[in-house]
Amino acid sequence: MSVRVRIAPSPTGLIHVGNIRAALFNWLFARHQGGTFIVRIDDTDVARSLPEYERDILDGFRWLGLDWDEGVEVGGPHGSYRQSDRFDRYQAVAHDLVSRGLAYFDDRTQEQLEALRVRAQAEKRHPNFYIRRPLEAATGGAIRFSVPQEAAVEFDDQVREAMRFEPETIDDFVILRTDGIPTYHLASTVDDVDYDISHVIRGEDLLPSAPKHILLTRALGATPPAYAHLPLILGFDGKPLSKRHGDTSLAAYRHGGYLPEAMINFMSLLGWSLDSDRTIFSREEAVAVFDLARVSKNPATFDLDKLAWINGEYIRALAAPEFIERARPYLTTGLGRDLDQSEWARFAAIAPLVQERIKLLTEAPGQVSWLFSDVLDYDQASWTKVMGDGSAEALVEAVRRLEGVTEWEAGAIEVALRAMLDELGINARKGLQPLRVAVTGSAVSPPLFESMAVLGQDRTLERLQKAIDRLR
RNA sequence: GGCCCCGUCGUCCAGCGGCCUAGGACGCCGGCCUUUCAAGCCGGAAACGCGGGUUCGAAUCCCGUCGGGGCUACCA
């Protein structure tokens with residue numbers, strides 16, 4: 001049997017990390033098995049589904065490199081991969097089930113049903129005791145699936161192992177609404193059958209729905225797929241991920257300076273591990289060993305600090321030109337303007353030093369803004385902390401020495417300034433920090449000699465002079 | 001309430017009866033390096049929820065208990 005898996009998000013909002021992790025695990029499994037990865041759009045909720053959300057989902061998958069073999073925008077041999085195109089099919093299935101005595105019409109109102117649930121609760125009975133009706137009780141309304149009461153539903157979950165649900169605890173669920181729109185249970189199950197899905201890999205929140213889907217699949221005359229229910233992802237406080245934890249949409253990370261390969265690596269670790277001691281690994285390495293049996297059963301907390309660390313690791317591992325290219329859009333938005341060619345050259349010269357100092361691409365502009373502004377913006381705290389006794393002398397002596405440097409590059413600058421330190425008899429901290437603040441405006445910056453080299457001799461001297469004036 | 005899932009350092013993961021005086025990583029603390037900040041290197045604190053069994057032996061198996069979570073819609 002060939003492996004065919006799908007991710008079926010609903011376009012009712014921006015796709016979030018929970019969905020993405022499910023997509024990733026489906027993708028890893030498919031690639032490891034040499035199977036087919038399908039992207040389907042579950043838009044049965046026509047009122048809330050929006051085209052822009054569908055676009056967001058697909059953009060997100062593309063950004064992460066989760067390429068799909070069949071599905072929306074790619075096609076495949078199974079017709080449409082958008083459920084709103086297939087309502088006829090679901091309706092036909094629902095009516096066929098009715099005619100075969102496996103489902104029935106239910107014309108009761110929501111209020112009546114709610115009253116029955118309340119009554120069941122009060123009498124400590126399962127709701128199904130009152131919800132369930134004889135097959136021929138009505139001839140119109142919604143269509144409910146009639147859950148067979150003969151046997152328990154048992155299946156072997158790929159991550160949770162033996163599962164068993166007693167029939168009286170599974171309620172007769174609606175498969176087709178009064179308005180003819182299918183419910184998630186029907187559409188999803190019919191599609192999984194029609195598209196020959198072999199493994200359903202999804203969040204644990206759907207575990208209680210699994211017996212319903214299995215029963216429905218059997219009613220359709222098909223063999224149920226294998227199921228694998230992934231642990232849920234929680235926020236930093238151990239509570240379910242929600243708006244409270246900030247923006248959990250993938251888009252927020254996509255624009256927040258994160259690298260897609262770092263996101264993939266990090267999310268792979270949410271409920272899975274390559275082995276006992278590797279944290280950083282490529283997607284190819286993950287594909288090579290991915291195994292559902294090794295997926296953890298307990299919920300995973302989304303740890304932003306760890307994501308940031310992983311992102312930093314990936315940034316540092318980038319080849320310099322690659323880093324410059326990736327940082328480019330963040331630089332123009334962060335600096336608020338486009339850089340000209342000579343400015344880009346200057347950035348390129350200092351980029352490797354920036355690269356090892358940031359965890360997010362969004363931090364890049366802050367590291368080099370001093371390089372691109374004509375009037376330096378001194379950080380007041382840095383100034384007061386660094387400028388003290390001897391600072392003026394150091395600055396004056398530095399100017400004198402640096403004026404004499406004929407070949408303006410980091411090595412020569414260092415030689416000149418070391419000589420200055422010797423002559424003044426002061427240590428590097430005391431002698432160099434004032435220069436740093438004078439040149440970059442801050443006590444924290446990329447290495448000084450390289451920074452001066454990139455800034456240029458004239459501008460460096462100019463800034464040193466300005467600081468001297470300011471001290472008087 | 002009912003049904004179901006889960007329970008190893010603060011966090012993620014390893015462990016699937018003896019290799020465990022419980023391993024790795026993030027974070028935290030300390031040190032080294034050092035022109036600042038990072039990075040890097042070295043070291044440290046830090047966990048098997050609890051109670052019973054089973055067994056020569058349990059983090060690993062069983063039962064209970066407590067705790068966390070999911071589902072319980074004509075949402076998905």
# chains A, B, ... in the order shown; residues from 1 in each chain; ligands from 1

call {"tool": "interface_residues", "arguments": {"of": "chain A", "to": "chain B", "cutoff": "6 Å", "atoms": "only C-alpha atoms (C1' of nucleotides)", "output": "short mmCIF file (atom, residue, chain, number, x, y, z; two decimals) with all heavy atoms, in the first residue's frame"}}
result
data_model
loop_
_atom_site.label_atom_id
_atom_site.label_comp_id
_atom_site.auth_asym_id
_atom_site.auth_seq_id
_atom_site.Cartn_x
_atom_site.Cartn_y
_atom_site.Cartn_z
N ARG A 177 -25.82 19.17 7.28
CA ARG A 177 -26.69 20.14 7.96
C ARG A 177 -27.99 20.33 7.20
O ARG A 177 -28.09 19.97 6.02
CB ARG A 177 -25.96 21.49 8.05
CG ARG A 177 -24.80 21.46 9.01
CD ARG A 177 -24.15 22.83 9.09
NE ARG A 177 -23.01 22.91 8.20
CZ ARG A 177 -21.74 22.94 8.62
NH1 ARG A 177 -21.46 22.92 9.90
NH2 ARG A 177 -20.75 22.99 7.77
N ASP A 205 -6.36 16.86 19.49
CA ASP A 205 -7.71 17.36 19.72
C ASP A 205 -8.73 16.58 18.90
O ASP A 205 -9.91 16.57 19.23
CB ASP A 205 -7.79 18.86 19.42
CG ASP A 205 -7.22 19.21 18.05
OD1 ASP A 205 -6.31 18.51 17.60
OD2 ASP A 205 -7.69 20.18 17.44
N PRO A 208 -10.84 12.16 19.91
CA PRO A 208 -12.18 11.67 20.19
C PRO A 208 -13.05 11.55 18.93
O PRO A 208 -14.11 10.91 18.98
CB PRO A 208 -12.76 12.74 21.14
CG PRO A 208 -11.57 13.43 21.71
CD PRO A 208 -10.56 13.42 20.62
N SER A 276 19.28 11.01 20.78
CA SER A 276 19.36 11.51 22.14
C SER A 276 20.21 12.76 22.31
O SER A 276 20.11 13.44 23.31
CB SER A 276 19.87 10.41 23.07
OG SER A 276 21.18 10.06 22.71
N ASP A 277 21.06 13.10 21.33
CA ASP A 277 21.88 14.29 21.57
C ASP A 277 22.07 15.28 20.43
O ASP A 277 22.84 16.20 20.56
CB ASP A 277 23.24 13.89 22.15
CG ASP A 277 23.89 12.77 21.38
OD1 ASP A 277 23.85 12.83 20.13
OD2 ASP A 277 24.41 11.85 21.99
N ASN A 298 3.37 13.28 25.10
CA ASN A 298 2.97 14.43 25.93
C ASN A 298 3.11 15.76 25.23
O ASN A 298 3.93 15.94 24.34
CB ASN A 298 3.68 14.42 27.28
CG ASN A 298 5.07 13.89 27.18
OD1 ASN A 298 5.61 13.84 26.08
ND2 ASN A 298 5.68 13.51 28.26
N LYS A 306 14.38 28.98 22.88
CA LYS A 306 15.09 27.93 22.16
C LYS A 306 15.01 28.17 20.65
O LYS A 306 15.98 27.95 19.93
CB LYS A 306 14.51 26.56 22.52
CG LYS A 306 15.33 25.42 21.94
CD LYS A 306 15.13 24.16 22.72
CE LYS A 306 16.03 23.05 22.22
NZ LYS A 306 16.00 21.88 23.11
N ARG A 357 26.50 38.12 15.79
CA ARG A 357 26.01 38.83 16.97
C ARG A 357 24.50 38.88 17.08
O ARG A 357 23.96 39.46 18.00
CB ARG A 357 26.55 40.26 16.96
CG ARG A 357 27.99 40.31 17.40
CD ARG A 357 28.59 41.68 17.21
NE ARG A 357 29.89 41.71 17.87
CZ ARG A 357 30.95 41.03 17.47
NH1 ARG A 357 30.88 40.28 16.38
NH2 ARG A 357 32.09 41.07 18.14
N ALA A 428 43.23 48.64 27.39
CA ALA A 428 42.37 48.72 26.21
C ALA A 428 40.96 49.17 26.58
O ALA A 428 40.35 49.97 25.87
CB ALA A 428 42.32 47.36 25.52
N ARG A 429 40.45 48.65 27.67
CA ARG A 429 39.09 49.00 28.06
C ARG A 429 38.96 50.52 28.23
O ARG A 429 38.05 51.15 27.72
CB ARG A 429 38.71 48.30 29.35
CG ARG A 429 37.32 48.63 29.86
CD ARG A 429 37.05 47.94 31.18
NE ARG A 429 37.05 46.49 31.02
CZ ARG A 429 35.93 45.78 30.82
NH1 ARG A 429 34.78 46.40 30.76
NH2 ARG A 429 35.98 44.49 30.69
N LEU A 432 39.95 52.36 24.66
CA LEU A 432 39.21 52.08 23.42
C LEU A 432 37.71 52.34 23.50
O LEU A 432 37.08 52.71 22.51
CB LEU A 432 39.46 50.63 23.01
CG LEU A 432 40.56 50.36 21.95
CD1 LEU A 432 41.63 51.45 21.92
CD2 LEU A 432 41.20 49.00 22.14
N ALA A 443 28.25 51.99 23.56
CA ALA A 443 29.31 51.19 24.18
C ALA A 443 29.26 49.75 23.68
O ALA A 443 30.14 48.96 23.96
CB ALA A 443 29.16 51.22 25.70
N VAL A 444 28.19 49.43 22.95
CA VAL A 444 28.05 48.09 22.38
C VAL A 444 28.03 48.21 20.87
O VAL A 444 27.19 48.91 20.30
CB VAL A 444 26.74 47.43 22.85
CG1 VAL A 444 26.56 46.08 22.17
CG2 VAL A 444 26.75 47.28 24.36
#

call {"tool": "select_by_dssp", "arguments": {"residues": "region 170-403 of chain A", "states": "strand (DSSP E)", "output": "list in words"}}
result
Val174, Ile175, Leu176, His199, Val200, Ile201, Arg202, Gly203, Ala226, Tyr227, Ala228, His229, Leu230, Ile233, Leu234, Ala300 and Thr301 of chain A

call {"tool": "write_last_selection", "arguments": {"atoms": "all heavy atoms", "output": "compact mmCIF listing (two decimals), in the first residue's frame"}}
result
# COMPACT_ATOMS: atom_id res chain seq x y z
N VAL A 174 -24.08 14.65 13.40
CA VAL A 174 -24.62 15.22 12.16
C VAL A 174 -23.57 15.15 11.07
O VAL A 174 -22.40 15.47 11.29
CB VAL A 174 -25.04 16.69 12.39
CG1 VAL A 174 -25.38 17.36 11.07
CG2 VAL A 174 -26.23 16.75 13.34
N ILE A 175 -23.97 14.66 9.90
CA ILE A 175 -23.04 14.64 8.77
C ILE A 175 -23.43 15.64 7.68
O ILE A 175 -22.58 16.12 6.95
CB ILE A 175 -22.91 13.22 8.16
CG1 ILE A 175 -24.27 12.67 7.74
CG2 ILE A 175 -22.23 12.27 9.16
CD1 ILE A 175 -24.18 11.30 7.06
N LEU A 176 -24.74 15.94 7.61
CA LEU A 176 -25.18 16.94 6.65
C LEU A 176 -26.16 17.88 7.35
O LEU A 176 -27.15 17.44 7.92
CB LEU A 176 -25.88 16.26 5.45
CG LEU A 176 -26.02 17.12 4.19
CD1 LEU A 176 -24.67 17.34 3.53
CD2 LEU A 176 -26.98 16.46 3.20
N HIS A 199 -2.56 7.38 5.81
CA HIS A 199 -2.29 7.73 7.20
C HIS A 199 -2.85 9.11 7.51
O HIS A 199 -2.55 10.07 6.79
CB HIS A 199 -0.79 7.77 7.49
CG HIS A 199 -0.11 6.44 7.34
ND1 HIS A 199 0.09 5.83 6.13
CD2 HIS A 199 0.41 5.60 8.28
CE1 HIS A 199 0.71 4.68 6.32
NE2 HIS A 199 0.92 4.51 7.62
N VAL A 200 -3.64 9.21 8.56
CA VAL A 200 -4.16 10.50 8.99
C VAL A 200 -3.32 10.94 10.19
O VAL A 200 -3.39 10.33 11.26
CB VAL A 200 -5.64 10.41 9.36
CG1 VAL A 200 -6.11 11.70 10.04
CG2 VAL A 200 -6.48 10.14 8.10
N ILE A 201 -2.51 11.97 9.98
CA ILE A 201 -1.63 12.47 11.04
C ILE A 201 -2.12 13.86 11.41
O ILE A 201 -2.09 14.77 10.58
CB ILE A 201 -0.17 12.53 10.54
CG1 ILE A 201 0.27 11.14 10.04
CG2 ILE A 201 0.76 13.03 11.64
CD1 ILE A 201 1.58 11.14 9.26
N ARG A 202 -2.61 14.03 12.61
CA ARG A 202 -3.24 15.28 13.01
C ARG A 202 -3.12 15.50 14.51
O ARG A 202 -2.59 14.66 15.22
CB ARG A 202 -4.71 15.24 12.60
CG ARG A 202 -5.25 14.01 13.10
CD ARG A 202 -6.54 13.45 13.39
NE ARG A 202 -7.65 13.53 12.56
CZ ARG A 202 -8.70 12.73 12.60
NH1 ARG A 202 -8.74 11.71 13.47
NH2 ARG A 202 -9.70 12.90 11.81
N GLY A 203 -3.64 16.61 14.99
CA GLY A 203 -3.53 16.95 16.40
C GLY A 203 -4.38 16.07 17.29
O GLY A 203 -5.39 15.49 16.88
N ALA A 226 -4.58 4.46 8.72
CA ALA A 226 -3.93 4.41 10.03
C ALA A 226 -4.03 5.82 10.61
O ALA A 226 -4.01 6.80 9.87
CB ALA A 226 -2.47 4.01 9.85
N TYR A 227 -4.14 5.91 11.92
CA TYR A 227 -4.23 7.22 12.56
C TYR A 227 -3.02 7.47 13.44
O TYR A 227 -2.49 6.55 14.06
CB TYR A 227 -5.49 7.32 13.41
CG TYR A 227 -6.75 7.42 12.60
CD1 TYR A 227 -7.45 6.28 12.22
CD2 TYR A 227 -7.23 8.66 12.18
CE1 TYR A 227 -8.59 6.37 11.45
CE2 TYR A 227 -8.37 8.76 11.40
CZ TYR A 227 -9.06 7.62 11.04
OH TYR A 227 -10.19 7.70 10.27
N ALA A 228 -2.59 8.73 13.47
CA ALA A 228 -1.51 9.12 14.36
C ALA A 228 -1.90 10.47 14.94
O ALA A 228 -2.05 11.45 14.20
CB ALA A 228 -0.19 9.24 13.60
N HIS A 229 -2.13 10.51 16.26
CA HIS A 229 -2.53 11.77 16.88
C HIS A 229 -1.36 12.41 17.62
O HIS A 229 -0.82 11.85 18.57
CB HIS A 229 -3.74 11.54 17.78
CG HIS A 229 -4.97 11.25 16.98
ND1 HIS A 229 -5.40 9.97 16.66
CD2 HIS A 229 -5.85 12.10 16.37
CE1 HIS A 229 -6.49 10.05 15.91
NE2 HIS A 229 -6.79 11.33 15.72
N LEU A 230 -1.00 13.59 17.13
CA LEU A 230 0.17 14.32 17.62
C LEU A 230 -0.16 15.06 18.92
O LEU A 230 -1.25 15.58 19.08
CB LEU A 230 0.58 15.35 16.57
CG LEU A 230 1.54 15.01 15.44
CD1 LEU A 230 1.68 13.52 15.17
CD2 LEU A 230 1.18 15.77 14.18
N ILE A 233 0.46 21.53 21.15
CA ILE A 233 1.51 22.50 21.45
C ILE A 233 0.93 23.54 22.41
O ILE A 233 -0.14 24.09 22.16
CB ILE A 233 2.00 23.20 20.18
CG1 ILE A 233 2.60 22.15 19.24
CG2 ILE A 233 3.04 24.26 20.51
CD1 ILE A 233 3.05 22.72 17.91
N LEU A 234 1.64 23.76 23.50
CA LEU A 234 1.18 24.71 24.51
C LEU A 234 2.03 25.98 24.50
O LEU A 234 3.14 25.98 23.98
CB LEU A 234 1.27 24.08 25.91
CG LEU A 234 0.60 22.72 26.08
CD1 LEU A 234 0.84 22.20 27.49
CD2 LEU A 234 -0.89 22.82 25.78
N ALA A 300 3.82 19.57 24.09
CA ALA A 300 5.09 20.30 24.00
C ALA A 300 4.85 21.79 24.18
O ALA A 300 3.90 22.35 23.66
CB ALA A 300 5.72 20.05 22.64
N THR A 301 5.71 22.43 24.96
CA THR A 301 5.61 23.87 25.14
C THR A 301 6.44 24.57 24.09
O THR A 301 7.58 24.20 23.83
CB THR A 301 6.11 24.26 26.55
OG1 THR A 301 5.32 23.58 27.52
CG2 THR A 301 5.99 25.77 26.76

call {"tool": "residues_around", "arguments": {"residues": "Phe105 (chain A)", "least_positions_apart": "2", "cutoff": "6 Å", "atoms": "only C-alpha atoms (C1' of nucleotides)", "output": "JSON, numbers by chain"}}
result
{"A": [138, 139, 140, 141, 142, 143]}

call {"tool": "residues_around", "arguments": {"residues": "Leu361 (chain A)", "least_positions_apart": "5", "cutoff": "8 Å", "atoms": "only C-alpha atoms (C1' of nucleotides)", "output": "ChimeraX atom specification"}}
result
/A:256-258,326-327,330

call {"tool": "write_last_selection", "arguments": {"atoms": "N, CA, C and O atoms", "output": "PDB file, in the first residue's frame"}}
result
ATOM      1  N   GLY A 256       9.307  38.130  11.121  1.00  0.00           N
ATOM      2  CA  GLY A 256       9.974  38.526  12.353  1.00  0.00           C
ATOM      3  C   GLY A 256      11.454  38.206  12.412  1.00  0.00           C
ATOM      4  O   GLY A 256      12.046  38.236  13.490  1.00  0.00           O
ATOM      5  N   GLY A 257      12.055  37.872  11.275  1.00  0.00           N
ATOM      6  CA  GLY A 257      13.493  37.650  11.262  1.00  0.00           C
ATOM      7  C   GLY A 257      13.921  36.210  11.473  1.00  0.00           C
ATOM      8  O   GLY A 257      15.080  35.931  11.754  1.00  0.00           O
ATOM      9  N   TYR A 258      12.977  35.297  11.356  1.00  0.00           N
ATOM     10  CA  TYR A 258      13.307  33.879  11.522  1.00  0.00           C
ATOM     11  C   TYR A 258      13.606  33.244  10.163  1.00  0.00           C
ATOM     12  O   TYR A 258      13.019  33.609   9.159  1.00  0.00           O
ATOM     13  N   ARG A 326      19.898  37.700   2.769  1.00  0.00           N
ATOM     14  CA  ARG A 326      18.732  37.488   3.634  1.00  0.00           C
ATOM     15  C   ARG A 326      18.464  38.686   4.542  1.00  0.00           C
ATOM     16  O   ARG A 326      17.336  38.936   4.921  1.00  0.00           O
ATOM     17  N   ALA A 327      19.555  39.373   4.918  1.00  0.00           N
ATOM     18  CA  ALA A 327      19.395  40.498   5.840  1.00  0.00           C
ATOM     19  C   ALA A 327      18.872  41.733   5.106  1.00  0.00           C
ATOM     20  O   ALA A 327      18.293  42.631   5.717  1.00  0.00           O
ATOM     21  N   TYR A 330      15.400  43.258   5.696  1.00  0.00           N
ATOM     22  CA  TYR A 330      15.251  43.719   7.077  1.00  0.00           C
ATOM     23  C   TYR A 330      16.003  45.029   7.286  1.00  0.00           C
ATOM     24  O   TYR A 330      15.626  45.863   8.101  1.00  0.00           O
TER      25      TYR A 330
END

call {"tool": "decode", "arguments": {"residues": "region 355-366 of chain A", "atoms": "N, CA, C and O atoms", "output": "compact mmCIF listing (two decimals), in the first residue's frame"}}
result
# COMPACT_ATOMS: atom_id res chain seq x y z
N GLN A 355 26.74 39.20 11.68
CA GLN A 355 26.16 37.86 11.59
C GLN A 355 26.31 37.03 12.86
O GLN A 355 25.40 36.32 13.26
N GLU A 356 27.47 37.13 13.50
CA GLU A 356 27.65 36.29 14.68
C GLU A 356 27.13 36.95 15.95
O GLU A 356 27.28 36.41 17.03
N ARG A 357 26.50 38.12 15.79
CA ARG A 357 26.01 38.83 16.97
C ARG A 357 24.50 38.88 17.08
O ARG A 357 23.96 39.46 18.00
N ILE A 358 23.79 38.34 16.14
CA ILE A 358 22.33 38.44 16.18
C ILE A 358 21.66 37.07 16.15
O ILE A 358 22.23 36.09 15.67
N LYS A 359 20.47 37.03 16.71
CA LYS A 359 19.69 35.80 16.69
C LYS A 359 18.53 35.91 15.72
O LYS A 359 17.99 34.92 15.25
N LEU A 360 18.12 37.14 15.46
CA LEU A 360 17.03 37.39 14.52
C LEU A 360 17.50 38.37 13.46
O LEU A 360 18.24 39.30 13.77
N LEU A 361 17.08 38.17 12.25
CA LEU A 361 17.46 39.07 11.16
C LEU A 361 16.99 40.51 11.45
O LEU A 361 17.59 41.47 10.99
N THR A 362 15.93 40.63 12.22
CA THR A 362 15.41 41.96 12.54
C THR A 362 16.38 42.77 13.39
O THR A 362 16.23 43.98 13.51
N GLU A 363 17.39 42.10 13.97
CA GLU A 363 18.35 42.82 14.81
C GLU A 363 19.47 43.45 13.98
O GLU A 363 20.24 44.26 14.49
N ALA A 364 19.57 43.07 12.73
CA ALA A 364 20.68 43.54 11.89
C ALA A 364 20.75 45.06 11.77
O ALA A 364 21.82 45.65 11.97
N PRO A 365 19.66 45.74 11.44
CA PRO A 365 19.76 47.20 11.28
C PRO A 365 20.27 47.90 12.52
O PRO A 365 21.07 48.85 12.41
N GLY A 366 19.87 47.44 13.68
CA GLY A 366 20.31 48.08 14.93
C GLY A 366 21.81 47.99 15.13
O GLY A 366 22.42 48.83 15.78
